[in-house]
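Let me begin by presenting the structure, written as structure tokens, before commenting on it.
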Amino acid sequence: MTFSDFYTNWYPRATAFAREYLLSEDDANDAVQDVFVDLYEKYDTLTERVNLVAYLFTSLKNRCIDILRHRVIEKKAVDRMQEEYELTLRMKFDSLEILDDGIFDEDTIEKIIEKALAALPERCRIIFVKHKLDGMKQKDIAAELGISNKTVENQLTIAYRKIRIELSPYFTLLLFLSM
């Protein structure tokens with residue numbers, strides 16, 4: 001039997017088989033085409049020693065399993081992203097619900113910033129205040145405190161990181177209020 005005869009005879013049955021498991025006409029046609037291409041490339045070597053129908057359906061079964069396995073992985077990834085999105089929405093919703101209207105007054109904002117500064121280690125706080133609030137340059141702070149420029153730089157990095165963490169619940173609000 002020629003490949004063309006085999007293809008004509010078995011293509012409709014193979015497609016029906018694949019469609020039964022893949023539930024999609026396009027996926028079934030793609031799977032059957034992939035299997036027939038593979039079979040075509042090996043046809044001359046297979047005809048002598050292999051039951052072609054068994055080879056066709058075994059190959060098609062394996063191709064369907066691969067496609068379904070890939071769909072399951074895709075579905076899990078989509079579900080995981082959906083869960084993360086829903087969690088983010090829930091957190092944003094909850095944070096807006098608990099947002100106190102009093103936070104918008106200057107005294108409250110000042111207290112939030114003072115609390116963030118108070119959470120800094122003493123040396124770190126002194127350097128941060130001198131740099132940001134007093135407007136001193138790093139080299140001047142280093143000279144005044146008798147420390148290296150690198151130490152001032154490191155302390156400022158620590159201060160920024162800790163303040164960012166401390167103010168993170170209020171970041172969006174403070175960003176809009178400072179505009």
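Within each chain, counting starts at residue 1; across the structure tokens, chains are named A, B, ... in the order shown, with ligands numbered 1 upward in that order.
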> Using only C-alpha atoms, which residues sit within 12 Å of region 8-24 of chain A once same-chain residues fewer than 3 positions away are excluded, as a ChimeraX atom specification?
Replying inline: /A:1-5,27-37,39,52-72
>> Residues of chain A classed as alpha helix (DSSP H) by DSSP on the backbone are to be reported as number ranges by chain.
In response: A: 3-22, 25-46, 52-98, 106-118, 122-128, 138-145, 149-167, 171-177
